[in-house]
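Below is data.pdb, which holds PDB, C-alpha atoms.
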```
ATOM      1  CA  MET A   1      14.014  -7.463   0.176
ATOM      2  CA  SER A   2      10.566  -7.841   1.665
ATOM      3  CA  LEU A   3       9.853  -6.361   5.074
ATOM      4  CA  ARG A   4       7.331  -7.378   7.671
ATOM      5  CA  PHE A   5       4.984  -4.896   9.272
ATOM      6  CA  PRO A   6       2.561  -5.236  12.181
ATOM      7  CA  VAL A   7      -1.127  -5.989  11.737
ATOM      8  CA  LYS A   8      -3.843  -7.214  14.059
ATOM      9  CA  VAL A   9      -5.785 -10.419  13.410
ATOM     10  CA  ASP A  10      -8.846 -11.082  15.545
ATOM     11  CA  GLY A  11      -7.445  -8.718  18.163
ATOM     12  CA  ARG A  12      -4.010 -10.381  18.314
ATOM     13  CA  HIS A  13      -0.735  -8.978  17.066
ATOM     14  CA  SER A  14       0.571 -10.532  13.851
ATOM     15  CA  GLU A  15       2.677  -9.523  10.859
ATOM     16  CA  THR A  16       2.210  -8.976   7.145
ATOM     17  CA  GLU A  17       4.943  -9.282   4.544
ATOM     18  CA  ILE A  18       4.963  -6.369   2.109
ATOM     19  CA  ASP A  19       6.957  -6.586  -1.089
ATOM     20  CA  PHE A  20       6.928  -5.697  -4.775
ATOM     21  CA  ALA A  21       4.249  -7.723  -6.528
ATOM     22  CA  THR A  22       5.023 -10.446  -9.011
ATOM     23  CA  GLU A  23       3.347 -10.340 -12.410
ATOM     24  CA  ALA A  24       0.970 -13.115 -11.324
ATOM     25  CA  GLU A  25      -0.058 -11.142  -8.222
ATOM     26  CA  VAL A  26      -0.724  -8.023 -10.288
ATOM     27  CA  LEU A  27      -2.915 -10.017 -12.690
ATOM     28  CA  ARG A  28      -4.860 -11.502  -9.769
ATOM     29  CA  LEU A  29      -5.848  -8.015  -8.643
ATOM     30  CA  ALA A  30      -8.122  -7.816 -11.684
ATOM     31  CA  ARG A  31     -10.091 -10.742 -10.250
ATOM     32  CA  TRP A  32     -11.133  -8.975  -7.060
ATOM     33  CA  ARG A  33     -14.929  -9.093  -6.794
ATOM     34  CA  ARG A  34     -17.643  -7.494  -4.739
ATOM     35  CA  PRO A  35     -19.429  -9.943  -2.417
ATOM     36  CA  ARG A  36     -22.816 -11.180  -3.561
ATOM     37  CA  VAL A  37     -24.362  -9.588  -0.506
ATOM     38  CA  MET A  38     -22.931  -6.150   0.170
ATOM     39  CA  PRO A  39     -22.792  -4.754   3.725
ATOM     40  CA  GLU A  40     -25.752  -2.652   4.771
ATOM     41  CA  ASP A  41     -23.407   0.053   6.026
ATOM     42  CA  ALA A  42     -23.075   2.535   3.158
ATOM     43  CA  VAL A  43     -19.495   3.577   3.982
ATOM     44  CA  THR A  44     -18.252  -0.024   4.135
ATOM     45  CA  ALA A  45     -20.036  -0.854   0.884
ATOM     46  CA  ARG A  46     -18.434   2.166  -0.797
ATOM     47  CA  LYS A  47     -14.975   1.137   0.447
ATOM     48  CA  ILE A  48     -15.452  -2.348  -1.007
ATOM     49  CA  SER A  49     -16.624  -0.987  -4.356
ATOM     50  CA  ASP A  50     -13.698   1.429  -4.513
ATOM     51  CA  ALA A  51     -11.220  -1.343  -3.639
ATOM     52  CA  VAL A  52     -12.478  -3.577  -6.460
ATOM     53  CA  ASP A  53     -12.376  -0.711  -8.956
ATOM     54  CA  PHE A  54      -8.901   0.391  -7.839
ATOM     55  CA  ALA A  55      -7.552  -3.169  -8.061
ATOM     56  CA  LYS A  56      -8.718  -3.554 -11.661
ATOM     57  CA  LEU A  57      -7.354  -0.142 -12.649
ATOM     58  CA  ALA A  58      -4.010  -0.851 -10.977
ATOM     59  CA  SER A  59      -3.678  -4.182 -12.752
ATOM     60  CA  ASN A  60      -4.489  -2.667 -16.140
ATOM     61  CA  ARG A  61      -2.224   0.345 -15.738
ATOM     62  CA  TRP A  62       0.707  -1.740 -14.508
ATOM     63  CA  ARG A  63       0.361  -3.964 -17.576
ATOM     64  CA  ASP A  64       0.399  -0.894 -19.831
ATOM     65  CA  TYR A  65       3.675   0.212 -18.244
ATOM     66  CA  GLN A  66       5.010  -3.342 -18.451
ATOM     67  CA  ARG A  67       4.380  -3.451 -22.211
ATOM     68  CA  ALA A  68       6.351  -0.215 -22.513
ATOM     69  CA  GLY A  69       9.211  -1.662 -20.438
ATOM     70  CA  GLU A  70       8.508   0.790 -17.612
ATOM     71  CA  ALA A  71       7.212  -1.491 -14.835
ATOM     72  CA  VAL A  72       9.439  -2.917 -12.091
ATOM     73  CA  SER A  73       8.948  -5.892  -9.783
ATOM     74  CA  SER A  74      11.749  -5.416  -7.274
ATOM     75  CA  MET A  75      13.785  -2.774  -5.500
ATOM     76  CA  GLU A  76      16.827  -3.859  -7.500
ATOM     77  CA  GLU A  77      14.998  -3.279 -10.797
ATOM     78  CA  LEU A  78      13.802   0.121  -9.587
ATOM     79  CA  VAL A  79      17.278   1.273  -8.580
ATOM     80  CA  GLU A  80      18.860  -0.042 -11.794
ATOM     81  CA  ALA A  81      16.255   1.661 -13.996
ATOM     82  CA  ILE A  82      16.752   5.006 -12.242
ATOM     83  CA  GLN A  83      20.527   4.749 -12.555
ATOM     84  CA  LYS A  84      20.232   4.100 -16.294
ATOM     85  CA  ALA A  85      17.728   6.910 -16.918
ATOM     86  CA  PRO A  86      17.340   9.403 -14.022
ATOM     87  CA  ALA A  87      14.165  10.955 -15.512
ATOM     88  CA  VAL A  88      12.405   7.651 -16.245
ATOM     89  CA  GLU A  89       8.799   7.168 -15.100
ATOM     90  CA  LEU A  90       8.182   3.738 -13.583
ATOM     91  CA  ALA A  91       5.182   1.856 -12.255
ATOM     92  CA  THR A  92       5.133  -0.740  -9.523
ATOM     93  CA  VAL A  93       2.678  -2.524  -7.264
ATOM     94  CA  LEU A  94       3.238  -3.401  -3.618
ATOM     95  CA  ILE A  95       1.421  -6.376  -2.131
ATOM     96  CA  ALA A  96       0.651  -7.170   1.515
ATOM     97  CA  ARG A  97       0.707 -10.918   2.127
ATOM     98  CA  PRO A  98      -0.384 -12.726   5.312
ATOM     99  CA  THR A  99       2.300 -14.588   7.245
ATOM    100  CA  TRP A 100      -0.339 -16.875   8.786
ATOM    101  CA  ARG A 101      -2.674 -19.382   7.137
ATOM    102  CA  SER A 102      -5.399 -17.202   5.685
ATOM    103  CA  ALA A 103      -8.136 -17.501   3.088
ATOM    104  CA  ILE A 104      -7.058 -14.058   1.810
ATOM    105  CA  PRO A 105      -3.741 -14.363  -0.109
ATOM    106  CA  THR A 106      -3.509 -10.617  -0.804
ATOM    107  CA  LEU A 107      -4.478  -8.427   2.144
ATOM    108  CA  GLY A 108      -3.997  -5.180   0.262
ATOM    109  CA  PHE A 109      -1.972  -3.371  -2.383
ATOM    110  CA  ALA A 110      -0.609  -0.030  -3.482
ATOM    111  CA  TYR A 111      -0.077   1.124  -7.058
ATOM    112  CA  LEU A 112       2.803   3.588  -7.313
ATOM    113  CA  ARG A 113       4.571   5.569  -9.974
ATOM    114  CA  ARG A 114       8.066   6.951  -9.642
ATOM    115  CA  THR A 115       7.866  10.287 -11.472
ATOM    116  CA  TRP A 116      10.459  11.909 -13.709
ATOM    117  CA  CYS A 117      11.427  14.345 -10.932
ATOM    118  CA  HIS A 118      12.079  11.543  -8.392
ATOM    119  CA  HIS A 119       8.826  11.684  -6.448
ATOM    120  CA  LEU A 120       6.418   8.850  -5.669
ATOM    121  CA  PHE A 121       2.821   9.168  -6.813
ATOM    122  CA  LEU A 122       0.546   6.918  -4.762
ATOM    123  CA  GLU A 123      -2.318   6.429  -7.154
ATOM    124  CA  PHE A 124      -4.207   3.612  -5.421
ATOM    125  CA  LEU A 125      -4.057   2.052  -1.965
ATOM    126  CA  ALA A 126      -6.713  -0.464  -0.966
ATOM    127  CA  THR A 127      -7.309  -3.499   1.211
ATOM    128  CA  HIS A 128      -9.054  -6.662   0.060
ATOM    129  CA  PRO A 129     -12.894  -6.624   0.109
ATOM    130  CA  ARG A 130     -12.860  -9.420   2.703
ATOM    131  CA  VAL A 131     -10.568  -7.371   4.910
ATOM    132  CA  ILE A 132     -12.872  -4.369   4.597
ATOM    133  CA  GLY A 133     -15.988  -6.468   5.166
ATOM    134  CA  ARG A 134     -14.336  -8.359   8.037
ATOM    135  CA  LYS A 135     -15.185 -11.740   6.582
ATOM    136  CA  HIS A 136     -13.606 -14.836   8.200
ATOM    137  CA  GLU A 137     -11.047 -12.733  10.116
ATOM    138  CA  ILE A 138     -10.958  -9.249  11.583
ATOM    139  CA  ILE A 139      -7.736  -7.797  10.202
ATOM    140  CA  GLY A 140      -6.527  -4.293  11.014
ATOM    141  CA  TRP A 141      -3.588  -1.997  10.268
ATOM    142  CA  VAL A 142      -3.036  -3.313   6.717
ATOM    143  CA  GLY A 143      -3.360   0.104   5.082
ATOM    144  CA  VAL A 144      -1.074   1.696   7.674
ATOM    145  CA  SER A 145       1.573  -0.967   7.109
ATOM    146  CA  ILE A 146       1.462  -0.493   3.328
ATOM    147  CA  LEU A 147       1.860   3.252   3.806
ATOM    148  CA  HIS A 148       4.855   2.636   6.064
ATOM    149  CA  LYS A 149       6.413   0.398   3.409
ATOM    150  CA  ILE A 150       6.050   3.209   0.870
ATOM    151  CA  VAL A 151       7.709   5.606   3.312
ATOM    152  CA  SER A 152      10.580   3.140   3.798
ATOM    153  CA  ILE A 153      11.101   2.978   0.014
ATOM    154  CA  ALA A 154      11.180   6.775  -0.155
ATOM    155  CA  LYS A 155      13.749   6.815   2.644
ATOM    156  CA  ASP A 156      15.962   4.196   0.980
ATOM    157  CA  LEU A 157      15.886   6.016  -2.377
ATOM    158  CA  ASP A 158      16.173   9.520  -0.884
ATOM    159  CA  ILE A 159      12.827  10.496  -2.413
ATOM    160  CA  PRO A 160      11.705  13.827  -0.894
ATOM    161  CA  CYS A 161       7.976  13.682  -1.638
ATOM    162  CA  ILE A 162       5.137  11.173  -1.819
ATOM    163  CA  TRP A 163       1.889  12.556  -3.138
ATOM    164  CA  GLY A 164      -1.473  11.199  -4.091
ATOM    165  CA  GLU A 165      -5.216  11.614  -4.372
ATOM    166  CA  ALA A 166      -7.713  11.012  -1.578
ATOM    167  CA  THR A 167     -11.356  10.073  -1.945
ATOM    168  CA  GLU A 168     -14.084  11.609   0.163
ATOM    169  CA  ILE A 169     -13.951   8.511   2.368
ATOM    170  CA  SER A 170     -10.159   8.075   2.568
ATOM    171  CA  ALA A 171      -9.348  11.742   3.257
ATOM    172  CA  SER A 172      -9.951  11.434   7.010
ATOM    173  CA  TRP A 173      -7.774   8.291   7.140
ATOM    174  CA  TYR A 174      -4.858  10.073   5.463
ATOM    175  CA  GLN A 175      -5.414  13.041   7.737
ATOM    176  CA  GLU A 176      -4.965  10.777  10.772
ATOM    177  CA  GLN A 177      -1.967   8.864   9.413
ATOM    178  CA  LEU A 178      -0.146  11.995   8.258
ATOM    179  CA  ASN A 179      -0.990  13.927  11.428
ATOM    180  CA  VAL A 180      -2.210  16.965   9.488
ATOM    181  CA  VAL A 181      -5.172  19.214  10.134
ATOM    182  CA  THR A 182      -6.930  18.773   6.806
ATOM    183  CA  VAL A 183      -6.684  16.547   3.740
ATOM    184  CA  GLY A 184      -8.755  17.417   0.684
ATOM    185  CA  ASP A 185      -8.671  15.544  -2.606
ATOM    186  CA  SER A 186      -4.861  15.412  -2.525
ATOM    187  CA  PHE A 187      -2.089  14.995   0.025
ATOM    188  CA  PHE A 188       1.676  15.488   0.149
ATOM    189  CA  ILE A 189       4.122  13.600   2.339
ATOM    190  CA  GLU A 190       7.228  15.753   2.530
ATOM    191  CA  GLY A 191       9.213  17.788   5.048
ATOM    192  CA  GLU A 192       7.797  17.487   8.561
ATOM    193  CA  VAL A 193       5.023  15.160   7.411
ATOM    194  CA  MET A 194       7.608  12.794   5.920
ATOM    195  CA  GLN A 195       9.590  12.927   9.167
ATOM    196  CA  HIS A 196       6.443  12.098  11.147
ATOM    197  CA  CYS A 197       5.668   9.110   8.924
ATOM    198  CA  GLN A 198       9.235   7.831   9.121
ATOM    199  CA  LYS A 199       9.172   8.059  12.922
ATOM    200  CA  GLU A 200       5.859   6.193  13.039
ATOM    201  CA  MET A 201       7.263   3.523  10.728
ATOM    202  CA  GLN A 202      10.373   3.119  12.875
ATOM    203  CA  ARG A 203       8.283   3.024  16.061
ATOM    204  CA  SER A 204       5.997   0.300  14.707
ATOM    205  CA  GLN A 205       9.004  -1.751  13.591
ATOM    206  CA  LYS A 206      10.628  -1.514  17.036
ATOM    207  CA  GLU A 207       7.398  -2.540  18.765
ATOM    208  CA  MET A 208       6.982  -5.494  16.395
ATOM    209  CA  LEU A 209      10.563  -6.660  17.017
ATOM    210  CA  ALA A 210      10.094  -6.264  20.775
ATOM    211  CA  ARG A 211       7.035  -8.524  20.634
ATOM    212  CA  ARG A 212       9.079 -11.123  18.755
ATOM    213  CA  ASP A 213      11.741 -11.073  21.480
ATOM    214  CA  LYS A 214       9.096 -11.805  24.115
ATOM    215  CA  MET A 215       7.784 -14.859  22.290
TER     216      MET A 215
END
```
As a first step, turn the structure in this file into structure tokens.
Amino acid sequence: MSLRFPVKVDGRHSETEIDFATEAEVLRLARWRRPRVMPEDAVTARKISDAVDFAKLASNRWRDYQRAGEAVSSMEELVEAIQKAPAVELATVLIARPTWRSAIPTLGFAYLRRTWCHHLFLEFLATHPRVIGRKHEIIGWVGVSILHKIVSIAKDLDIPCIWGEATEISASWYQEQLNVVTVGDSFFIEGEVMQHCQKEMQRSQKEMLARRDKM
């Protein structure tokens, strides 16, 4: 079942739907492109370039796992595959979709692998180049919401650890989201860090629901 998570659009509260990607959505990731005119800001330009590269890699790697029968497109498929073979390695892609009329059908994605020892490896997490470049709309909190979705999956499946690689640019972002002193080229979400992320996810969900009640 897809869940909604809070985002901000042009300074106003809104929601994104985050769910397992369909095959068509995974294939569309390979079509992400850099804008013809890149931002002058070097950090923003690097984020856009990384996002395009990560999207293509995620699409290709998911298809490799799909050919081997080791890619899943729903929570039900993930649970069933684990029950059949507890040590199976599986790949999946999560997609963040706008719930409002937007020119950006995919706000961001995460490429994950469930490892043989029942951990989650977050290999790629990126937002769309237009989200990064703030074209048409100013959209925030997409990456945070995707991370919270991953944490919710870990909670539902009783997965004790989420780990992944950080780039030089993303390390400070993970450091802030995980509430840790330092993040190098890798990070681990487990123990107290996992508890912190779960509390932040639950807090954001409660605040989002409270805003709905006021509407």
For atom CA of A:Leu107 and atom CA of A:Gln198, the interatomic separation in Å (one decimal)
22.4 Å
Who sits within 8 Å of A:His148, all atoms listed in the file, same chain under 2 positions skipped, as a ChimeraX atom specification
/A:144-146,150-152,197-198,200-201
Any chance you could work out the residue set of the PyMOL selection byres ((chain A and resi 135) around 12) here, as number ranges by chain?
A: 9-10, 35, 37-39, 102-104, 128-134, 136-139
For the residues selected in the previous step, produce a file with C-alpha atoms as a short mmCIF file (atom, residue, chain, number, x, y, z; two decimals), in the frame of the given file.
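Once written, selection_36.cif looks like this:
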```
data_model
loop_
_atom_site.label_atom_id
_atom_site.label_comp_id
_atom_site.auth_asym_id
_atom_site.auth_seq_id
_atom_site.Cartn_x
_atom_site.Cartn_y
_atom_site.Cartn_z
CA VAL A 9 -5.78 -10.42 13.41
CA ASP A 10 -8.85 -11.08 15.54
CA PRO A 35 -19.43 -9.94 -2.42
CA VAL A 37 -24.36 -9.59 -0.51
CA MET A 38 -22.93 -6.15 0.17
CA PRO A 39 -22.79 -4.75 3.72
CA SER A 102 -5.40 -17.20 5.68
CA ALA A 103 -8.14 -17.50 3.09
CA ILE A 104 -7.06 -14.06 1.81
CA HIS A 128 -9.05 -6.66 0.06
CA PRO A 129 -12.89 -6.62 0.11
CA ARG A 130 -12.86 -9.42 2.70
CA VAL A 131 -10.57 -7.37 4.91
CA ILE A 132 -12.87 -4.37 4.60
CA GLY A 133 -15.99 -6.47 5.17
CA ARG A 134 -14.34 -8.36 8.04
CA HIS A 136 -13.61 -14.84 8.20
CA GLU A 137 -11.05 -12.73 10.12
CA ILE A 138 -10.96 -9.25 11.58
CA ILE A 139 -7.74 -7.80 10.20
#
```
Residue by residue, what does the PyMOL selection byres ((chain A and resi 204) around 12) grab here? Present the result as a list in words.
Arg4, Phe5, Pro6, Val7, His13, Glu15, Trp141, Val144, Ser145, His148, Lys149, Cys197, Gln198, Lys199, Glu200, Met201, Gln202, Arg203, Gln205, Lys206, Glu207, Met208, Leu209, Ala210 and Arg211 of chain A
Expressed in Å to a single decimal, how great is the separation between atom CA of A:Phe109 and atom CA of A:Asp213?
28.6 Å
Point-to-point distance from atom CA of A:Val142 to atom CA of A:Thr115, Å rounded to tenths:
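Between atom CA of A:Val142 and atom CA of A:Thr115 the gap works out to 25.2 Å.
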Go ahead and find all residues with at least one atom no further than 7 Å from (-1.9, 0.2, -5.3) in the file's coordinates, using only C-alpha atoms; report them as a ChimeraX atom specification.
/A:58,93-94,109-112,123-126
Resolved residues for the PyMOL selection byres ((chain A and resi 47) around 10) as a ChimeraX atom specification:
/A:42-46,48-53,126-129,132-133,167,169-170
Nearest residue to A:Asn179 out of A:His196, A:Trp163, A:Glu70, A:Leu157, using only C-alpha atoms?
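Closest to A:Asn179 of all the choices is A:His196.
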Would you pick out the contacts of stretch 85-92 of chain A at 9 Å or less, using all atoms listed in the file, so that residues sharing its chain but fewer than 6 positions from it are not included, and give the list as a ChimeraX atom specification?
/A:20-21,61-62,65-66,69-74,78,110-118
Here is a test: counting all atoms listed in the file, which residue of A:Ala68, A:Cys161, A:Ala55, A:Met75 is nearest to A:Glu192?
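Closest to A:Glu192, using all atoms listed in the file: A:Cys161.
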Counting only C-alpha atoms, which of A:Phe188, A:Pro160, A:His119, A:Ser14 gets nearest to A:Ile82?
A:His119
